[in-house]
$ cat work-v8.cif   # mmCIF, C-alpha atoms and all ligand atoms
data_query
loop_
_atom_site.label_atom_id
_atom_site.label_comp_id
_atom_site.auth_asym_id
_atom_site.auth_seq_id
_atom_site.Cartn_x
_atom_site.Cartn_y
_atom_site.Cartn_z
CA MET A 1 89.09 30.77 104.36
CA ASP A 2 86.52 32.43 106.63
CA LYS A 3 85.09 30.00 109.20
CA ARG A 4 81.69 31.07 107.90
CA ASN A 5 82.12 28.98 104.80
CA ARG A 6 83.56 25.88 106.48
CA PHE A 7 81.12 25.24 109.32
CA ASN A 8 77.37 25.15 109.78
CA PRO A 9 75.77 28.06 111.66
CA GLU A 10 74.95 25.96 114.75
CA SER A 11 78.67 25.19 115.11
CA LEU A 12 79.56 28.88 115.00
CA MET A 13 76.95 30.27 117.41
CA MET A 14 79.16 29.86 120.50
CA SER A 15 82.21 31.80 119.33
CA TYR A 16 81.96 33.39 115.86
CA GLY A 17 82.86 37.06 115.64
CA TYR A 18 84.21 37.33 119.20
CA LYS A 19 87.92 37.75 120.07
CA PRO A 20 88.70 36.68 123.68
CA GLU A 21 92.04 38.55 123.56
CA LEU A 22 90.13 41.85 123.39
CA SER A 23 88.24 40.99 126.62
CA GLU A 24 90.88 39.77 129.14
CA GLY A 25 90.62 36.25 127.65
CA ALA A 26 86.99 35.82 128.74
CA LEU A 27 85.57 32.72 126.98
CA LYS A 28 82.18 34.34 126.52
CA CYS A 29 81.45 37.81 125.22
CA PRO A 30 80.91 40.11 128.25
CA ILE A 31 78.03 42.58 128.51
CA PHE A 32 79.50 45.87 127.37
CA GLN A 33 77.28 48.02 129.57
CA THR A 34 78.68 51.35 128.45
CA SER A 35 77.15 54.27 126.60
CA THR A 36 80.38 55.53 125.04
CA PHE A 37 83.90 54.41 124.06
CA VAL A 38 87.32 56.02 124.62
CA PHE A 39 89.42 57.05 121.59
CA GLN A 40 93.22 56.54 121.87
CA SER A 41 93.91 59.91 120.24
CA ALA A 42 92.15 62.85 118.60
CA GLU A 43 93.28 61.52 115.20
CA GLU A 44 91.62 58.19 115.88
CA GLY A 45 88.35 59.87 116.94
CA LYS A 46 88.42 61.92 113.75
CA ALA A 47 88.99 58.81 111.61
CA PHE A 48 86.13 56.84 113.23
CA PHE A 49 83.68 59.70 112.67
CA GLU A 50 84.75 60.21 109.05
CA VAL A 51 83.68 56.66 108.23
CA ALA A 52 80.64 56.54 110.55
CA TYR A 53 79.23 59.73 109.01
CA GLY A 54 80.04 58.66 105.46
CA LEU A 55 82.54 61.50 104.86
CA ARG A 56 84.88 58.91 103.28
CA GLU A 57 85.04 55.16 102.62
CA GLN A 58 86.72 52.78 105.04
CA LEU A 59 90.30 51.98 103.88
CA PRO A 60 91.03 48.33 102.91
CA ASN A 61 93.00 47.41 106.06
CA GLU A 62 91.50 49.97 108.41
CA GLU A 63 90.17 48.61 111.73
CA LEU A 64 87.33 50.79 112.90
CA GLY A 65 86.74 51.39 116.56
CA LEU A 66 83.63 51.90 118.61
CA ILE A 67 82.10 55.33 119.15
CA TYR A 68 78.80 55.36 121.03
CA SER A 69 76.32 52.58 121.86
CA ARG A 70 73.51 53.99 119.71
CA LEU A 71 75.81 53.50 116.67
CA ASN A 72 77.75 50.41 117.68
CA ASN A 73 78.36 48.21 120.71
CA PRO A 74 80.15 44.83 120.77
CA ASP A 75 77.09 42.92 122.02
CA MET A 76 74.98 44.34 119.19
CA GLU A 77 77.65 43.87 116.50
CA ILE A 78 78.69 40.32 117.43
CA LEU A 79 75.04 39.31 117.65
CA GLU A 80 74.48 40.70 114.13
CA THR A 81 77.56 38.87 112.85
CA ARG A 82 76.12 35.57 114.13
CA LEU A 83 72.51 36.15 113.21
CA LYS A 84 73.26 36.79 109.54
CA LEU A 85 74.80 33.31 109.19
CA TRP A 86 71.40 31.58 109.32
CA ASP A 87 69.99 33.56 106.41
CA ASP A 88 73.39 33.55 104.67
CA ALA A 89 72.99 37.34 104.51
CA GLU A 90 75.65 39.99 103.95
CA ASP A 91 74.54 41.91 107.01
CA ALA A 92 71.99 42.09 109.84
CA ALA A 93 70.55 44.78 112.11
CA VAL A 94 69.03 44.19 115.55
CA PHE A 95 66.35 46.23 117.29
CA GLU A 96 64.63 46.60 120.65
CA SER A 97 61.47 44.93 119.27
CA GLY A 98 60.07 43.23 116.20
CA MET A 99 57.78 46.22 115.70
CA SER A 100 60.72 48.65 115.73
CA ALA A 101 62.39 46.53 113.01
CA ILE A 102 59.18 46.49 110.95
CA SER A 103 58.34 50.20 111.34
CA THR A 104 61.94 51.16 110.51
CA VAL A 105 61.76 49.15 107.26
CA LEU A 106 58.45 50.74 106.24
CA LEU A 107 59.69 54.26 107.05
CA GLU A 108 63.01 53.81 105.24
CA PHE A 109 61.68 52.29 102.02
CA LEU A 110 58.40 54.21 101.60
CA LYS A 111 57.73 57.93 101.17
CA PRO A 112 54.60 60.08 100.72
CA GLY A 113 52.69 59.11 97.56
CA ASP A 114 54.02 55.54 97.49
CA LEU A 115 51.97 52.36 97.29
CA LEU A 116 52.55 49.34 99.55
CA LEU A 117 51.18 45.89 98.77
CA TYR A 118 50.83 43.45 101.67
CA SER A 119 49.62 39.92 102.34
CA MET A 120 46.70 39.22 104.68
CA PRO A 121 46.52 38.45 107.51
CA LEU A 122 49.48 40.35 108.99
CA TYR A 123 50.65 40.51 112.60
CA GLY A 124 48.28 42.87 114.48
CA GLY A 125 50.92 45.52 115.21
CA THR A 126 52.10 45.58 111.59
CA ASP A 127 48.50 45.73 110.36
CA HIS A 128 47.81 48.70 112.67
CA PHE A 129 50.94 50.58 111.58
CA ILE A 130 50.06 50.08 107.90
CA LYS A 131 46.38 51.02 108.25
CA HIS A 132 46.54 53.79 110.86
CA PHE A 133 50.00 55.38 110.69
CA LEU A 134 51.13 55.14 107.05
CA PRO A 135 48.02 56.97 105.69
CA LYS A 136 48.94 59.96 107.89
CA ILE A 137 52.14 60.38 105.90
CA GLY A 138 50.42 59.83 102.54
CA ILE A 139 51.27 56.17 101.93
CA THR A 140 48.54 53.98 100.43
CA ALA A 141 48.39 50.26 101.19
CA LEU A 142 46.50 47.42 99.49
CA GLY A 143 46.16 43.86 100.77
CA PHE A 144 45.90 40.51 99.02
CA LEU A 145 44.85 37.05 100.23
CA PRO A 146 46.89 33.82 100.02
CA THR A 147 44.17 32.35 97.77
CA GLN A 148 44.75 35.04 95.12
CA THR A 149 46.91 34.13 92.12
CA GLU A 150 49.76 36.11 90.58
CA GLN A 151 47.29 37.43 87.95
CA ASP A 152 44.77 38.45 90.64
CA ILE A 153 47.46 40.35 92.53
CA ALA A 154 48.77 42.05 89.37
CA GLN A 155 45.14 43.08 88.77
CA ILE A 156 44.96 44.69 92.26
CA ILE A 157 48.10 46.70 91.43
CA GLU A 158 46.88 47.68 87.95
CA SER A 159 43.41 48.75 89.06
CA SER A 160 44.77 50.84 91.94
CA GLY A 161 45.72 53.48 89.39
CA LYS A 162 49.04 53.81 91.24
CA LYS A 163 51.14 51.02 89.78
CA GLU A 164 54.08 53.40 89.13
CA ALA A 165 54.06 54.23 92.85
CA LEU A 166 54.42 50.61 94.04
CA ARG A 167 57.60 50.50 96.19
CA MET A 168 57.26 47.51 98.47
CA ILE A 169 55.63 44.08 98.73
CA TYR A 170 55.45 43.09 102.39
CA VAL A 171 54.46 39.52 103.26
CA GLU A 172 54.14 37.25 106.26
CA THR A 173 54.54 33.54 105.52
CA PRO A 174 53.43 31.24 107.08
CA SER A 175 50.70 33.57 108.29
CA ASN A 176 49.47 33.90 111.83
CA PRO A 177 47.39 32.00 112.96
CA THR A 178 46.26 29.76 110.08
CA ASN A 179 49.66 28.94 108.55
CA THR A 180 48.69 29.95 105.00
CA LEU A 181 51.68 30.35 102.65
CA ILE A 182 52.69 33.15 100.30
CA ASP A 183 54.99 32.38 97.35
CA ILE A 184 58.10 34.54 97.86
CA GLN A 185 59.36 33.93 94.30
CA MET A 186 56.01 35.15 92.97
CA CYS A 187 56.42 38.34 95.02
CA LYS A 188 59.88 38.80 93.51
CA ARG A 189 58.47 38.41 89.96
CA LEU A 190 55.79 41.02 90.70
CA ALA A 191 58.41 43.33 92.25
CA GLU A 192 60.54 43.08 89.11
CA LYS A 193 57.56 43.62 86.85
CA TYR A 194 56.64 46.88 88.61
CA SER A 195 60.16 48.22 89.20
CA THR A 196 60.81 51.24 86.97
CA GLY A 197 64.23 52.58 85.96
CA ASP A 198 66.12 53.28 89.14
CA GLU A 199 63.02 52.95 91.38
CA ARG A 200 63.01 49.40 92.71
CA VAL A 201 60.14 47.55 94.34
CA TYR A 202 61.53 45.87 97.47
CA VAL A 203 60.28 42.54 98.82
CA ALA A 204 60.15 42.25 102.63
CA VAL A 205 59.26 38.99 104.40
CA ASP A 206 58.31 38.66 108.06
CA ASN A 207 60.12 35.36 108.71
CA THR A 208 59.22 35.04 112.41
CA PHE A 209 57.28 31.77 112.14
CA LEU A 210 59.78 29.47 110.36
CA GLY A 211 63.02 31.42 110.35
CA PRO A 212 65.83 31.64 110.65
CA ILE A 213 66.19 27.83 110.62
CA TRP A 214 63.41 26.52 108.37
CA GLN A 215 62.91 29.28 105.79
CA HIS A 216 65.40 31.58 104.06
CA PRO A 217 63.51 34.28 102.15
CA LEU A 218 66.67 35.92 100.74
CA LYS A 219 67.39 32.73 98.76
CA HIS A 220 64.00 33.12 97.06
CA GLY A 221 64.47 36.73 96.02
CA ALA A 222 63.38 38.70 99.11
CA ASP A 223 65.41 41.80 99.96
CA MET A 224 64.76 41.57 103.69
CA SER A 225 64.12 38.78 106.15
CA ILE A 226 62.50 40.38 109.21
CA TYR A 227 62.09 38.90 112.70
CA SER A 228 60.35 39.41 115.92
CA ALA A 229 63.40 38.04 117.79
CA THR A 230 61.09 37.97 120.81
CA LYS A 231 59.82 34.64 119.48
CA TYR A 232 62.04 31.71 118.34
CA ILE A 233 65.36 33.60 118.25
CA SER A 234 65.09 34.56 121.93
CA GLY A 235 63.09 31.42 122.62
CA HIS A 236 62.70 31.90 126.39
CA SER A 237 59.82 34.42 126.52
CA ASP A 238 61.98 36.85 128.49
CA VAL A 239 63.17 39.40 125.89
CA ILE A 240 61.51 41.75 123.41
CA ALA A 241 63.72 42.20 120.34
CA GLY A 242 63.75 42.41 116.54
CA ALA A 243 66.12 41.75 113.65
CA ILE A 244 66.50 42.17 109.90
CA CYS A 245 68.85 40.29 107.54
CA GLY A 246 69.65 41.43 103.99
CA SER A 247 72.25 42.78 101.59
CA SER A 248 74.86 45.32 102.75
CA GLU A 249 73.04 47.98 100.72
CA VAL A 250 69.62 47.33 102.32
CA ILE A 251 70.93 46.87 105.87
CA GLY A 252 73.17 49.94 105.48
CA ARG A 253 70.08 52.08 104.82
CA ILE A 254 68.21 50.45 107.72
CA LYS A 255 71.10 50.97 110.15
CA THR A 256 71.37 54.64 109.19
CA LEU A 257 67.70 55.25 110.02
CA ARG A 258 68.09 53.14 113.18
CA THR A 259 70.88 55.45 114.33
CA PHE A 260 68.52 58.42 114.15
CA LEU A 261 65.38 56.70 115.47
CA GLY A 262 67.57 55.28 118.24
CA ASN A 263 65.73 51.94 118.34
CA MET A 264 68.78 49.64 118.27
CA ALA A 265 69.09 46.69 120.67
CA GLY A 266 70.99 47.56 123.83
CA PRO A 267 73.95 45.53 125.20
CA TRP A 268 71.83 43.50 127.61
CA THR A 269 69.38 42.48 124.87
CA GLY A 270 72.31 41.68 122.59
CA TRP A 271 73.95 39.49 125.21
CA LEU A 272 70.72 37.61 125.98
CA LEU A 273 70.09 36.94 122.28
CA MET A 274 73.65 35.65 121.78
CA ARG A 275 73.02 33.22 124.59
CA SER A 276 69.73 32.20 122.96
CA LEU A 277 71.32 31.68 119.53
CA GLU A 278 73.53 28.92 120.95
CA THR A 279 70.49 26.66 121.43
CA LEU A 280 68.29 27.94 118.57
CA LYS A 281 68.76 24.89 116.35
CA VAL A 282 68.16 22.25 119.06
CA ARG A 283 65.14 24.14 120.37
CA MET A 284 63.51 24.51 116.96
CA ASP A 285 64.31 20.87 116.08
CA GLN A 286 62.61 19.63 119.24
CA GLN A 287 59.67 22.03 118.93
CA THR A 288 59.02 20.90 115.36
CA GLN A 289 59.27 17.23 116.34
CA ASN A 290 56.81 17.75 119.21
CA ALA A 291 54.43 19.71 116.97
CA THR A 292 54.40 16.97 114.33
CA ARG A 293 53.34 14.40 116.96
CA ILE A 294 50.67 16.69 118.40
CA VAL A 295 49.23 17.34 114.94
CA GLU A 296 48.77 13.57 114.45
CA VAL A 297 46.88 13.33 117.75
CA LEU A 298 44.69 16.35 116.95
CA GLN A 299 43.81 15.01 113.53
CA SER A 300 42.44 11.78 114.90
CA HIS A 301 40.53 13.33 117.81
CA PRO A 302 36.70 13.36 117.46
CA LYS A 303 36.37 16.86 119.02
CA VAL A 304 38.69 18.41 116.38
CA GLU A 305 37.21 19.60 113.10
CA LYS A 306 40.24 20.85 111.18
CA VAL A 307 43.99 21.29 111.77
CA TYR A 308 46.00 24.10 110.13
CA TYR A 309 49.65 23.03 109.83
CA PRO A 310 52.08 23.33 106.88
CA GLY A 311 52.95 19.62 107.20
CA LEU A 312 49.35 18.73 106.30
CA ILE A 313 49.15 20.57 102.98
CA LYS A 314 47.93 18.14 100.28
CA PRO A 315 50.22 17.28 97.34
CA GLY A 316 48.94 18.53 94.01
CA THR A 317 47.87 21.91 95.38
CA ARG A 318 49.51 25.30 94.80
CA ALA A 319 50.19 25.63 98.54
CA TYR A 320 52.07 22.32 98.46
CA ASP A 321 54.36 23.55 95.67
CA ILE A 322 55.09 26.71 97.67
CA TYR A 323 55.77 24.62 100.78
CA LYS A 324 58.23 22.34 98.95
CA GLN A 325 59.91 25.32 97.33
CA GLN A 326 60.53 27.54 100.35
CA CYS A 327 59.99 25.69 103.65
CA LEU A 328 62.52 23.23 105.10
CA ALA A 329 60.20 21.96 107.89
CA PRO A 330 56.62 22.55 109.06
CA GLY A 331 57.58 24.40 112.26
CA ALA A 332 55.91 24.40 115.67
CA MET A 333 52.86 26.66 115.31
CA VAL A 334 49.70 24.56 115.23
CA SER A 335 46.15 25.90 114.88
CA PHE A 336 42.92 23.92 114.85
CA ASP A 337 39.13 24.26 114.89
CA VAL A 338 37.28 22.51 117.66
CA LYS A 339 33.81 21.20 116.85
CA GLY A 340 31.45 23.95 118.04
CA GLY A 341 32.21 27.62 118.68
CA GLU A 342 33.52 29.99 121.32
CA ALA A 343 32.07 28.04 124.27
CA GLU A 344 33.75 24.79 123.18
CA ALA A 345 37.04 26.58 122.39
CA PHE A 346 37.04 28.28 125.81
CA ARG A 347 36.26 24.98 127.57
CA PHE A 348 39.32 23.43 125.88
CA ILE A 349 41.57 26.37 126.82
CA ASN A 350 40.36 26.54 130.42
CA GLY A 351 40.70 22.78 130.78
CA LEU A 352 44.38 22.68 129.78
CA GLU A 353 46.92 21.78 132.44
CA LEU A 354 50.62 22.68 131.98
CA ILE A 355 50.04 24.83 128.85
CA LYS A 356 49.57 28.49 129.81
CA LEU A 357 47.08 30.83 128.16
CA ALA A 358 49.17 33.71 126.80
CA VAL A 359 49.87 35.48 123.53
CA SER A 360 53.38 35.36 122.01
CA LEU A 361 55.01 32.20 120.71
CA GLY A 362 58.24 30.40 119.92
CA GLY A 363 59.40 29.96 123.51
CA THR A 364 60.56 26.82 125.26
CA GLU A 365 57.13 26.50 126.93
CA SER A 366 53.96 25.63 125.02
CA LEU A 367 51.29 28.36 124.94
CA VAL A 368 47.66 28.47 123.87
CA GLU A 369 45.49 31.41 122.76
CA HIS A 370 42.16 32.21 121.07
CA PRO A 371 42.93 34.45 118.05
CA PHE A 372 39.30 35.53 117.39
CA THR A 373 38.87 37.16 120.82
CA MET A 374 42.53 37.92 121.58
CA THR A 375 45.35 38.59 119.07
CA HIS A 376 43.03 39.22 116.10
CA SER A 377 40.06 40.84 117.87
CA GLY A 378 40.88 44.24 116.34
CA ILE A 379 40.08 43.04 112.79
CA GLU A 380 36.52 43.22 111.34
CA HIS A 381 34.65 39.91 111.71
CA GLU A 382 33.88 39.67 108.00
CA GLN A 383 37.60 39.80 107.21
CA LEU A 384 38.40 37.25 109.92
CA TYR A 385 35.81 34.78 108.60
CA ALA A 386 37.27 35.16 105.08
CA MET A 387 40.61 34.02 106.52
CA ASN A 388 39.17 31.04 108.50
CA ILE A 389 39.77 32.85 111.79
CA THR A 390 36.56 32.05 113.64
CA GLU A 391 35.25 31.45 117.19
CA LYS A 392 36.26 27.77 117.06
CA LEU A 393 39.93 28.38 116.19
CA ILE A 394 42.67 27.66 118.76
CA ARG A 395 46.36 28.52 118.30
CA LEU A 396 49.10 26.51 119.98
CA SER A 397 52.78 27.37 120.12
CA ILE A 398 54.53 24.09 120.85
CA GLY A 399 57.51 24.08 123.22
CA ILE A 400 60.20 21.62 124.24
CA GLU A 401 58.32 19.80 127.02
CA ASN A 402 58.09 16.01 127.03
CA VAL A 403 55.73 15.37 124.13
CA GLU A 404 53.83 12.57 125.91
CA ASP A 405 52.95 15.07 128.67
CA LEU A 406 51.73 17.57 126.08
CA ILE A 407 49.63 14.92 124.34
CA LYS A 408 48.14 13.88 127.68
CA VAL A 409 47.03 17.40 128.66
CA ILE A 410 45.72 18.22 125.17
CA THR A 411 43.65 15.03 124.84
CA THR A 412 42.32 15.44 128.41
CA ALA A 413 41.19 19.01 127.68
CA LEU A 414 39.63 17.95 124.35
CA ASP A 415 37.77 15.08 126.01
CA LYS A 416 36.37 17.55 128.59
CA ILE A 417 34.74 19.76 125.89
C1 LIG A 501 55.35 39.13 117.65
C2 LIG A 501 55.40 39.38 116.20
C3 LIG A 501 55.76 40.65 115.69
C4 LIG A 501 56.06 41.84 116.59
O1 LIG A 501 57.22 41.64 117.32
P1 LIG A 501 57.53 42.32 118.76
O2 LIG A 501 58.84 41.73 119.13
O3 LIG A 501 56.41 41.94 119.68
O4 LIG A 501 57.58 43.79 118.56
C5 LIG A 501 55.82 40.79 114.31
N1 LIG A 501 55.54 39.76 113.48
C6 LIG A 501 55.16 38.55 113.95
C7 LIG A 501 54.86 37.46 112.98
C8 LIG A 501 55.08 38.32 115.31
O5 LIG A 501 54.71 37.12 115.75
#
$ encode --input "work-v8.cif" --output "structure tokens"
Amino acid sequence: MDKRNRFNPESLMMSYGYKPELSEGALKCPIFQTSTFVFQSAEEGKAFFEVAYGLREQLPNEELGLIYSRLNNPDMEILETRLKLWDDAEDAAVFESGMSAISTVLLEFLKPGDLLLYSMPLYGGTDHFIKHFLPKIGITALGFLPTQTEQDIAQIIESSGKKEALRMIYVETPSNPTNTLIDIQMCKRLAEKYSTGDERVYVAVDNTFLGPIWQHPLKHGADMSIYSATKYISGHSDVIAGAICGSSEVIGRIKTLRTFLGNMAGPWTGWLLMRSLETLKVRMDQQTQNATRIVEVLQSHPKVEKVYYPGLIKPGTRAYDIYKQQCLAPGAMVSFDVKGGEAEAFRFINGLELIKLAVSLGGTESLVEHPFTMTHSGIEHEQLYAMNITEKLIRLSIGIENVEDLIKVITTALDKI
């Protein structure tokens, strides 16, 4: 039986998919810093190309060799083999950034005339690509809010006058920075409702905030689980990378476009991410534990008005049902409103020791930022207010530091407001 079915992913991250005998017995996978690969014979080169270019199917026992690092490279392929284990996916594709993964998905599954439905708020780069690039190639996009019900969203689709053109539902859950949740199974039901004949509506989920450990969108009907691997997967704030997990059919299409856009992850990125994957589970465990403690402290502090954290969602609400259904833990992204406005928020941020002020998230170090004037400043104020993103909102990405130290610096900075 394949090791994949006998062991948990965290037990396989150190060795799965790598054969030491092919690399002089090296325990760890080397960095294959090469642009191209040597064929043993002309016949072999011909055979590799026949399969790579889809001129024929791969034979049952045929071992395929490497051709050129834009198509395949051991660091990229072994990384993909490991990454897909977390989402229990048939295949995975890795990219040089989260944005290159996202834009490749949108370009592959949408064409001129199509309609895209997306959840709000989305990551700034994704939002920009949807609102400013897709219209140039004739793709219409409509957003919905986490507070809207399945009926409300169906109504948006119906009244667009383009329901036959719906081709993708793209969601981010939990959302950045307020941790609102979108029901993935609901998205799947809507996708099925609006699929026609052989034209399917695909469901894509940006799983950067809780995945790949705490949320598995494919299990809930999504076709793609997309990552900014820059965040938790890398986890050390030293790499920009992206990834997508899904079925062989979906990833096959994505990899074909990736070959021609040329935005695959290079060997060095692949090697760094393999190293990161070895500690992914322990990092995310510790980050979540630290975040849970910090949330308790924030909640009882007199200078804090409201805390936005999945672990605080009240039973009996729709959000709670979604949380129980699709999230395995609350994660380590914590947002909160200070009492006051921008001045009070800035005083807190400037008064923090140890925690650096920087955008990005998911790394071993804790970071703080002010979404209203930083990551989300490109969005109209009216829209931001509708999503509870205001001047008093602070976003924290919790790292693996000693939690008592984190509590000390956070309470000191709050007291100083
Ligand atoms: C950072 C981020 C992205 C973009 O990823 P890059 O690696 O910076 O290109 C997309 N989605 C979410 C949720 C992110 O946090």
$ axis_aligned_box --input "work-v8.cif" --around "stretch 46-61 of chain A" --padding-each-side "4 Å" --output "AutoDock Vina command-line options"
--center_x 86.1 --center_y 54.7 --center_z 108.2 --size_x 21.8 --size_y 22.5 --size_z 19.1
$ residues_near_ligand --input "work-v8.cif" --ligand "ligand LIG 501 (chain A)" --cutoff "9 Å" --atoms "only C-alpha atoms and all ligand atoms" --output "ChimeraX atom specification"
/A:95-102,122-126,172-176,206-209,226-231,239-242,359-362
$ write_last_selection --input "work-v8.cif" --atoms "C-alpha atoms" --output "CSV table (one decimal), in the coordinates of the input"
chain,number,residue,atom,x,y,z
A,95,PHE,CA,66.4,46.2,117.3
A,96,GLU,CA,64.6,46.6,120.6
A,97,SER,CA,61.5,44.9,119.3
A,98,GLY,CA,60.1,43.2,116.2
A,99,MET,CA,57.8,46.2,115.7
A,100,SER,CA,60.7,48.6,115.7
A,101,ALA,CA,62.4,46.5,113.0
A,102,ILE,CA,59.2,46.5,111.0
A,122,LEU,CA,49.5,40.4,109.0
A,123,TYR,CA,50.6,40.5,112.6
A,124,GLY,CA,48.3,42.9,114.5
A,125,GLY,CA,50.9,45.5,115.2
A,126,THR,CA,52.1,45.6,111.6
A,172,GLU,CA,54.1,37.2,106.3
A,173,THR,CA,54.5,33.5,105.5
A,174,PRO,CA,53.4,31.2,107.1
A,175,SER,CA,50.7,33.6,108.3
A,176,ASN,CA,49.5,33.9,111.8
A,206,ASP,CA,58.3,38.7,108.1
A,207,ASN,CA,60.1,35.4,108.7
A,208,THR,CA,59.2,35.0,112.4
A,209,PHE,CA,57.3,31.8,112.1
A,226,ILE,CA,62.5,40.4,109.2
A,227,TYR,CA,62.1,38.9,112.7
A,228,SER,CA,60.4,39.4,115.9
A,229,ALA,CA,63.4,38.0,117.8
A,230,THR,CA,61.1,38.0,120.8
A,231,LYS,CA,59.8,34.6,119.5
A,239,VAL,CA,63.2,39.4,125.9
A,240,ILE,CA,61.5,41.8,123.4
A,241,ALA,CA,63.7,42.2,120.3
A,242,GLY,CA,63.8,42.4,116.5
A,359,VAL,CA,49.9,35.5,123.5
A,360,SER,CA,53.4,35.4,122.0
A,361,LEU,CA,55.0,32.2,120.7
A,362,GLY,CA,58.2,30.4,119.9
$ residues_near_point --input "work-v8.cif" --point "(75.5, 26.5, 111.1)" --cutoff "10 Å" --atoms "all atoms listed in the file" --output "PDB file with C-alpha atoms, keeping the file's coordinate frame"
ATOM      1  CA  ARG A   4      81.690  31.070 107.900  1.00  0.00           C
ATOM      2  CA  ASN A   5      82.120  28.980 104.800  1.00  0.00           C
ATOM      3  CA  ARG A   6      83.560  25.880 106.480  1.00  0.00           C
ATOM      4  CA  PHE A   7      81.120  25.240 109.320  1.00  0.00           C
ATOM      5  CA  ASN A   8      77.370  25.150 109.780  1.00  0.00           C
ATOM      6  CA  PRO A   9      75.770  28.060 111.660  1.00  0.00           C
ATOM      7  CA  GLU A  10      74.950  25.960 114.750  1.00  0.00           C
ATOM      8  CA  SER A  11      78.670  25.190 115.110  1.00  0.00           C
ATOM      9  CA  LEU A  12      79.560  28.880 115.000  1.00  0.00           C
ATOM     10  CA  MET A  13      76.950  30.270 117.410  1.00  0.00           C
ATOM     11  CA  ARG A  82      76.120  35.570 114.130  1.00  0.00           C
ATOM     12  CA  LEU A  85      74.800  33.310 109.190  1.00  0.00           C
ATOM     13  CA  TRP A  86      71.400  31.580 109.320  1.00  0.00           C
ATOM     14  CA  ASP A  88      73.390  33.550 104.670  1.00  0.00           C
ATOM     15  CA  ILE A 213      66.190  27.830 110.620  1.00  0.00           C
ATOM     16  CA  LYS A 281      68.760  24.890 116.350  1.00  0.00           C
TER      17      LYS A 281
END
$ atom_distance --input "work-v8.cif" --atom1 "atom CA of A:Leu218" --atom2 "atom CA of A:Leu166"
20.3 Å
$ closest_residue --input "work-v8.cif" --among "A:Leu117, A:Ile130, A:Met387, A:Leu357" --to "A:Glu158" --atoms "all atoms listed in the file"
A:Leu117
$ closest_residue --input "work-v8.cif" --among "A:Ala26, A:Val205, A:Leu181, A:Leu66" --to "A:Thr317" --atoms "only C-alpha atoms"
A:Leu181
$ residues_near_point --input "work-v8.cif" --point "(60.2, 38.3, 92.8)" --cutoff "10 Å" --atoms "all atoms listed in the file" --output "PDB file with C-alpha atoms, keeping the file's coordinate frame"
ATOM      1  CA  ILE A 169      55.630  44.080  98.730  1.00  0.00           C
ATOM      2  CA  ASP A 183      54.990  32.380  97.350  1.00  0.00           C
ATOM      3  CA  ILE A 184      58.100  34.540  97.860  1.00  0.00           C
ATOM      4  CA  GLN A 185      59.360  33.930  94.300  1.00  0.00           C
ATOM      5  CA  MET A 186      56.010  35.150  92.970  1.00  0.00           C
ATOM      6  CA  CYS A 187      56.420  38.340  95.020  1.00  0.00           C
ATOM      7  CA  LYS A 188      59.880  38.800  93.510  1.00  0.00           C
ATOM      8  CA  ARG A 189      58.470  38.410  89.960  1.00  0.00           C
ATOM      9  CA  LEU A 190      55.790  41.020  90.700  1.00  0.00           C
ATOM     10  CA  ALA A 191      58.410  43.330  92.250  1.00  0.00           C
ATOM     11  CA  GLU A 192      60.540  43.080  89.110  1.00  0.00           C
ATOM     12  CA  LYS A 193      57.560  43.620  86.850  1.00  0.00           C
ATOM     13  CA  VAL A 201      60.140  47.550  94.340  1.00  0.00           C
ATOM     14  CA  TYR A 202      61.530  45.870  97.470  1.00  0.00           C
ATOM     15  CA  VAL A 203      60.280  42.540  98.820  1.00  0.00           C
ATOM     16  CA  HIS A 220      64.000  33.120  97.060  1.00  0.00           C
ATOM     17  CA  GLY A 221      64.470  36.730  96.020  1.00  0.00           C
ATOM     18  CA  ALA A 222      63.380  38.700  99.110  1.00  0.00           C
ATOM     19  CA  ASP A 223      65.410  41.800  99.960  1.00  0.00           C
TER      20      ASP A 223
END
$ closest_residue --input "work-v8.cif" --among "A:Ala42, A:Ile417, A:Met168, A:Ala329" --to "A:Thr288" --atoms "all atoms listed in the file"
A:Ala329
$ residues_around --input "work-v8.cif" --residues "A:Phe144" --least-positions-apart "5" --cutoff "9 Å" --atoms "only C-alpha atoms" --output "ChimeraX atom specification"
/A:117-121,152-153,156
$ write_last_selection --input "work-v8.cif" --atoms "C-alpha atoms" --output "PDB file, keeping the file's coordinate frame"
ATOM      1  CA  LEU A 117      51.180  45.890  98.770  1.00  0.00           C
ATOM      2  CA  TYR A 118      50.830  43.450 101.670  1.00  0.00           C
ATOM      3  CA  SER A 119      49.620  39.920 102.340  1.00  0.00           C
ATOM      4  CA  MET A 120      46.700  39.220 104.680  1.00  0.00           C
ATOM      5  CA  PRO A 121      46.520  38.450 107.510  1.00  0.00           C
ATOM      6  CA  ASP A 152      44.770  38.450  90.640  1.00  0.00           C
ATOM      7  CA  ILE A 153      47.460  40.350  92.530  1.00  0.00           C
ATOM      8  CA  ILE A 156      44.960  44.690  92.260  1.00  0.00           C
TER       9      ILE A 156
END
